[in-house]
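**Q** Sharing my_file-v6.csv, CSV, C-alpha atoms:
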```
chain,number,residue,atom,x,y,z
A,1,MET,CA,-27.1,-22.5,15.2
A,2,ASP,CA,-25.2,-22.0,18.5
A,3,LYS,CA,-26.5,-23.9,21.4
A,4,LYS,CA,-28.1,-21.9,24.1
A,5,GLY,CA,-26.6,-22.1,27.6
A,6,THR,CA,-28.5,-23.5,30.5
A,7,LEU,CA,-28.9,-21.6,33.8
A,8,VAL,CA,-29.2,-23.8,36.8
A,9,VAL,CA,-30.1,-22.4,40.2
A,10,ILE,CA,-29.1,-24.5,43.2
A,11,SER,CA,-30.6,-23.5,46.6
A,12,GLY,CA,-30.8,-25.3,49.9
A,13,PHE,CA,-30.9,-24.9,53.6
A,14,SER,CA,-27.7,-23.8,55.3
A,15,GLY,CA,-25.9,-27.0,56.1
A,16,ALA,CA,-27.5,-29.1,53.3
A,17,GLY,CA,-24.3,-29.2,51.4
A,18,LYS,CA,-25.2,-27.2,48.3
A,19,GLY,CA,-21.8,-25.6,48.1
A,20,THR,CA,-20.0,-29.0,48.2
A,21,VAL,CA,-22.4,-30.4,45.6
A,22,SER,CA,-22.0,-27.4,43.3
A,23,ARG,CA,-18.2,-27.5,43.4
A,24,ALA,CA,-18.2,-31.2,42.7
A,25,LEU,CA,-20.4,-30.7,39.6
A,26,VAL,CA,-18.0,-28.1,38.3
A,27,GLU,CA,-15.0,-30.3,38.9
A,28,ARG,CA,-16.6,-33.4,37.3
A,29,TYR,CA,-18.5,-32.0,34.4
A,30,GLY,CA,-16.9,-28.6,33.6
A,31,TYR,CA,-19.9,-26.5,34.4
A,32,ARG,CA,-19.3,-22.9,35.3
A,33,LEU,CA,-20.1,-21.9,38.9
A,34,SER,CA,-20.9,-18.2,39.3
A,35,VAL,CA,-19.0,-16.8,42.2
A,36,SER,CA,-21.3,-14.7,44.4
A,37,ALA,CA,-20.4,-11.4,46.1
A,38,THR,CA,-21.0,-11.1,49.8
A,39,THR,CA,-20.5,-8.7,52.7
A,40,ARG,CA,-19.8,-11.5,55.3
A,41,GLU,CA,-16.4,-12.3,56.6
A,42,PRO,CA,-14.4,-15.2,55.0
A,43,ARG,CA,-14.5,-18.5,56.9
A,44,ASN,CA,-11.3,-20.5,57.4
A,45,GLY,CA,-9.9,-21.7,54.1
A,46,GLU,CA,-12.1,-19.4,51.9
A,47,GLU,CA,-10.4,-17.3,49.3
A,48,ASP,CA,-11.6,-14.1,47.6
A,49,GLY,CA,-12.5,-14.7,44.0
A,50,ARG,CA,-12.7,-18.4,44.5
A,51,ASP,CA,-15.4,-19.0,47.1
A,52,TYR,CA,-16.9,-15.5,47.1
A,53,PHE,CA,-16.0,-11.9,46.2
A,54,PHE,CA,-15.8,-10.5,49.7
A,55,LYS,CA,-17.0,-6.9,49.7
A,56,THR,CA,-17.5,-4.1,52.2
A,57,GLU,CA,-21.2,-3.1,52.5
A,58,GLU,CA,-20.3,0.2,50.9
A,59,ASP,CA,-18.8,-1.5,47.8
A,60,PHE,CA,-21.7,-3.9,47.6
A,61,LEU,CA,-24.3,-1.1,47.7
A,62,ARG,CA,-22.3,0.8,45.0
A,63,LEU,CA,-22.5,-2.2,42.7
A,64,ILE,CA,-26.3,-2.4,43.2
A,65,ASP,CA,-26.5,1.2,42.0
A,66,TYR,CA,-24.5,0.3,38.9
A,67,ASN,CA,-26.9,-2.6,38.1
A,68,GLY,CA,-24.0,-5.0,38.6
A,69,PHE,CA,-26.1,-7.8,40.0
A,70,ILE,CA,-28.8,-10.0,38.5
A,71,GLU,CA,-30.1,-10.5,42.0
A,72,TYR,CA,-29.1,-9.7,45.5
A,73,ALA,CA,-30.6,-10.4,48.9
A,74,LYS,CA,-29.8,-9.9,52.6
A,75,TYR,CA,-29.4,-13.2,54.5
A,76,VAL,CA,-28.6,-13.4,58.2
A,77,ASP,CA,-27.4,-9.8,58.4
A,78,HIS,CA,-25.2,-10.0,55.2
A,79,TYR,CA,-25.7,-9.2,51.6
A,80,TYR,CA,-25.2,-11.8,48.8
A,81,GLY,CA,-25.4,-11.0,45.1
A,82,THR,CA,-24.9,-12.6,41.6
A,83,PRO,CA,-22.6,-10.7,39.2
A,84,ARG,CA,-24.5,-10.0,36.0
A,85,LYS,CA,-21.6,-10.2,33.4
A,86,PHE,CA,-20.3,-13.6,34.4
A,87,VAL,CA,-23.7,-15.3,34.0
A,88,GLU,CA,-24.7,-13.7,30.7
A,89,ASP,CA,-21.3,-14.3,29.1
A,90,GLY,CA,-21.5,-18.0,30.1
A,91,LEU,CA,-25.0,-18.4,28.6
A,92,LYS,CA,-23.9,-16.7,25.4
A,93,GLU,CA,-21.1,-19.3,25.1
A,94,GLY,CA,-23.6,-22.1,25.4
A,95,GLN,CA,-22.4,-23.3,28.8
A,96,VAL,CA,-24.2,-24.7,31.9
A,97,VAL,CA,-23.9,-21.9,34.5
A,98,ILE,CA,-24.7,-22.8,38.1
A,99,LEU,CA,-25.9,-20.2,40.6
A,100,GLU,CA,-25.7,-21.3,44.2
A,101,ILE,CA,-28.0,-18.8,45.8
A,102,GLU,CA,-30.7,-18.4,48.5
A,103,VAL,CA,-34.4,-18.8,47.9
A,104,GLN,CA,-35.1,-15.1,47.8
A,105,GLY,CA,-32.6,-14.6,44.9
A,106,ALA,CA,-33.8,-17.7,43.1
A,107,MET,CA,-37.2,-16.3,42.7
A,108,LYS,CA,-35.8,-13.1,41.1
A,109,ILE,CA,-33.7,-15.2,38.7
A,110,LYS,CA,-36.8,-17.2,37.6
A,111,GLN,CA,-38.5,-13.9,36.8
A,112,GLN,CA,-35.7,-12.7,34.6
A,113,TYR,CA,-34.8,-16.1,33.0
A,114,PRO,CA,-37.9,-18.3,32.6
A,115,ASP,CA,-35.9,-21.2,31.3
A,116,ALA,CA,-33.7,-21.4,34.4
A,117,VAL,CA,-33.7,-24.8,36.1
A,118,LEU,CA,-34.4,-24.5,39.9
A,119,LEU,CA,-33.1,-27.3,42.2
A,120,PHE,CA,-33.4,-27.3,46.0
A,121,ILE,CA,-31.0,-29.4,48.0
A,122,THR,CA,-32.0,-30.6,51.5
A,123,ALA,CA,-30.6,-32.9,54.2
A,124,PRO,CA,-32.6,-36.1,55.0
A,125,SER,CA,-34.1,-34.5,58.1
A,126,ILE,CA,-34.1,-31.3,60.1
A,127,GLU,CA,-32.2,-33.1,62.9
A,128,VAL,CA,-29.4,-34.0,60.5
A,129,LEU,CA,-29.4,-30.4,59.2
A,130,LYS,CA,-28.9,-28.9,62.6
A,131,ASN,CA,-26.2,-31.4,63.5
A,132,ARG,CA,-24.3,-30.4,60.4
A,133,LEU,CA,-24.4,-26.8,61.3
A,134,VAL,CA,-23.2,-27.5,64.9
A,135,GLY,CA,-20.6,-29.9,63.5
A,136,ARG,CA,-19.0,-27.1,61.4
A,137,GLY,CA,-17.8,-25.5,64.6
A,138,THR,CA,-17.5,-22.1,62.8
A,139,GLU,CA,-20.5,-20.3,64.1
A,140,LYS,CA,-21.9,-19.3,67.5
A,141,PRO,CA,-25.2,-20.9,68.8
A,142,GLU,CA,-27.2,-17.7,68.1
A,143,ILE,CA,-26.1,-17.7,64.5
A,144,ILE,CA,-27.1,-21.4,64.1
A,145,GLU,CA,-30.5,-20.5,65.6
A,146,LYS,CA,-30.8,-17.7,63.1
A,147,ARG,CA,-30.1,-20.1,60.2
A,148,MET,CA,-32.6,-22.6,61.5
A,149,ARG,CA,-35.3,-19.9,61.7
A,150,ARG,CA,-34.4,-18.8,58.2
A,151,ALA,CA,-34.7,-22.4,57.0
A,152,ALA,CA,-38.3,-22.4,58.4
A,153,GLU,CA,-39.0,-19.4,56.2
A,154,GLU,CA,-37.3,-20.9,53.2
A,155,ALA,CA,-39.4,-24.1,53.5
A,156,GLU,CA,-42.5,-22.1,52.5
A,157,SER,CA,-41.0,-21.6,49.0
A,158,ILE,CA,-39.7,-25.2,48.3
A,159,GLY,CA,-42.8,-25.9,46.2
A,160,LEU,CA,-41.7,-23.3,43.7
A,161,TYR,CA,-38.7,-25.3,42.7
A,162,GLN,CA,-38.9,-27.8,39.9
A,163,TYR,CA,-36.7,-30.4,41.6
A,164,ILE,CA,-35.9,-31.4,45.2
A,165,VAL,CA,-32.7,-33.5,45.8
A,166,CYS,CA,-31.7,-35.1,49.1
A,167,ASN,CA,-28.0,-34.9,49.9
A,168,GLU,CA,-27.5,-37.8,52.3
A,169,GLU,CA,-24.3,-38.2,54.4
A,170,GLY,CA,-21.7,-40.2,52.5
A,171,LYS,CA,-23.7,-40.2,49.3
A,172,LEU,CA,-22.3,-37.1,47.5
A,173,GLU,CA,-21.7,-39.1,44.3
A,174,GLU,CA,-25.4,-40.2,44.2
A,175,CYS,CA,-26.6,-36.7,44.8
A,176,MET,CA,-24.3,-35.3,42.1
A,177,ASN,CA,-25.3,-37.9,39.5
A,178,THR,CA,-29.0,-37.1,40.1
A,179,ILE,CA,-28.4,-33.4,39.5
A,180,HIS,CA,-26.3,-34.0,36.5
A,181,SER,CA,-29.0,-36.2,34.9
A,182,ILE,CA,-31.6,-33.4,35.6
A,183,ILE,CA,-29.3,-30.8,34.0
A,184,GLU,CA,-28.7,-33.0,30.9
A,185,SER,CA,-32.4,-33.6,30.5
A,186,GLU,CA,-33.3,-29.9,30.9
A,187,SER,CA,-30.4,-28.7,28.6
A,188,CYS,CA,-31.8,-30.9,25.8
A,189,ARG,CA,-35.4,-29.8,26.4
A,190,VAL,CA,-34.5,-26.1,26.4
A,191,SER,CA,-32.2,-26.4,23.3
A,192,VAL,CA,-34.6,-28.5,21.3
A,193,ARG,CA,-37.5,-26.3,22.1
A,194,SER,CA,-35.7,-23.2,21.1
A,195,GLU,CA,-34.4,-24.7,17.9
A,196,PHE,CA,-37.8,-26.0,16.9
A,197,ILE,CA,-39.5,-22.6,17.5
A,198,ASN,CA,-36.8,-20.9,15.5
A,199,SER,CA,-37.2,-23.3,12.6
A,200,LEU,CA,-41.0,-22.7,12.6
A,201,LYS,CA,-40.4,-18.9,12.4
A,202,ASP,CA,-37.9,-19.3,9.6
A,203,GLY,CA,-40.3,-21.4,7.6
A,204,LEU,CA,-43.1,-18.8,8.0
A,205,LYS,CA,-41.0,-15.8,7.0
A,206,GLU,CA,-42.3,-15.9,3.4
A,207,TYR,CA,-45.8,-15.4,4.7
A,208,GLN,CA,-45.0,-12.3,6.8
```
Once more with this new file: its structure as structure tokens, please.

**A**
Amino acid sequence: MDKKGTLVVISGFSGAGKGTVSRALVERYGYRLSVSATTREPRNGEEDGRDYFFKTEEDFLRLIDYNGFIEYAKYVDHYYGTPRKFVEDGLKEGQVVILEIEVQGAMKIKQQYPDAVLLFITAPSIEVLKNRLVGRGTEKPEIIEKRMRRAAEEAESIGLYQYIVCNEEGKLEECMNTIHSIIESESCRVSVRSEFINSLKDGLKEYQ
């Protein structure tokens, strides 16, 4: 029987490093990282189709109408969405598919995919978190304040995640290894459970 893929949702406060961790996991372990669509402008060094699919708001809303997203949300004045086809194709192929999305979208994913593994990445403290945002040097003070206010809202939902992982400065490898161990464990759990349930059903077919 083909192995079922594992859907992993990685969320975190802006500045916690969830993007860096997600890309490192893909590079090291060959996981598939879903590329989100967004209406925000590209930052320096970002490329369309690699970091995000950069869309106009008109194009983004058109895709919503065509049911092209598994989930979408508005975050700090811009839309973000997860393309449906990429995710479902990866799961059918038995792959680990990582979604790097915001809290609002993660809750929608969990409703549609009950077996999804939800991880929340955080910095060691709120002070470190804000320092990272300031240190980027890519956003105005008012945007940073918006992100911090949004973090306060997101903190209310952290308890809904199965795992919380701290991404400390200079310890990317440790953070990545922790998440990989979680994914490996959950992949086995989901796969074994599904196989066991199917074997029970097969064994009972003669009694139907």

**Q** Can you tell me how far atom CA of A:Asp59 sits from atom CA of A:Thr39, in Å to one decimal?

**A** 8.9 Å

**Q** At a cut-off of 10 Å, using all atoms listed in the file, what residues contact A:Ser125? Leave out same-chain residues fewer than 2 positions from it and give the result as a list in words.

**A** Ala16, Thr122, Ala123, Glu127, Val128, Leu129, Lys130, Cys166 and Glu168 of chain A

**Q** What separation in Å, quoted to one decimal, exists between atom CA of A:Gln95 and atom CA of A:Gln112?

**A** 18.0 Å

**Q** Atom CA of A:Ala24 to atom CA of A:Lys74: how many Å, to one decimal?

**A**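 Interatomic distance, atom CA of A:Ala24 to atom CA of A:Lys74: 26.2 Å.
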
**Q** Of the candidates A:Ala152, A:Ile126, A:Leu99, A:Ala106, which shows the shortest atom-to-atom distance to A:Val87, using all atoms listed in the file?

**A**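 The closest residue to A:Val87 is A:Leu99.
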
**Q** So, with all atoms listed in the file as the atoms that count, which of A:Asp51, A:Glu206, A:Glu57, A:Glu154 lies closest to A:Ile121?

**A**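 Of the candidates, the smallest distance to A:Ile121 is held by A:Glu154.
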
**Q** Let me make sure I understand: among A:Phe54, A:Gln104, A:Leu118, A:Gly203, which one has the smallest atom-to-atom distance to A:Glu156 if we use only C-alpha atoms?

**A**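 Nearest candidate to A:Glu156 out of A:Phe54, A:Gln104, A:Leu118, A:Gly203: A:Gln104.
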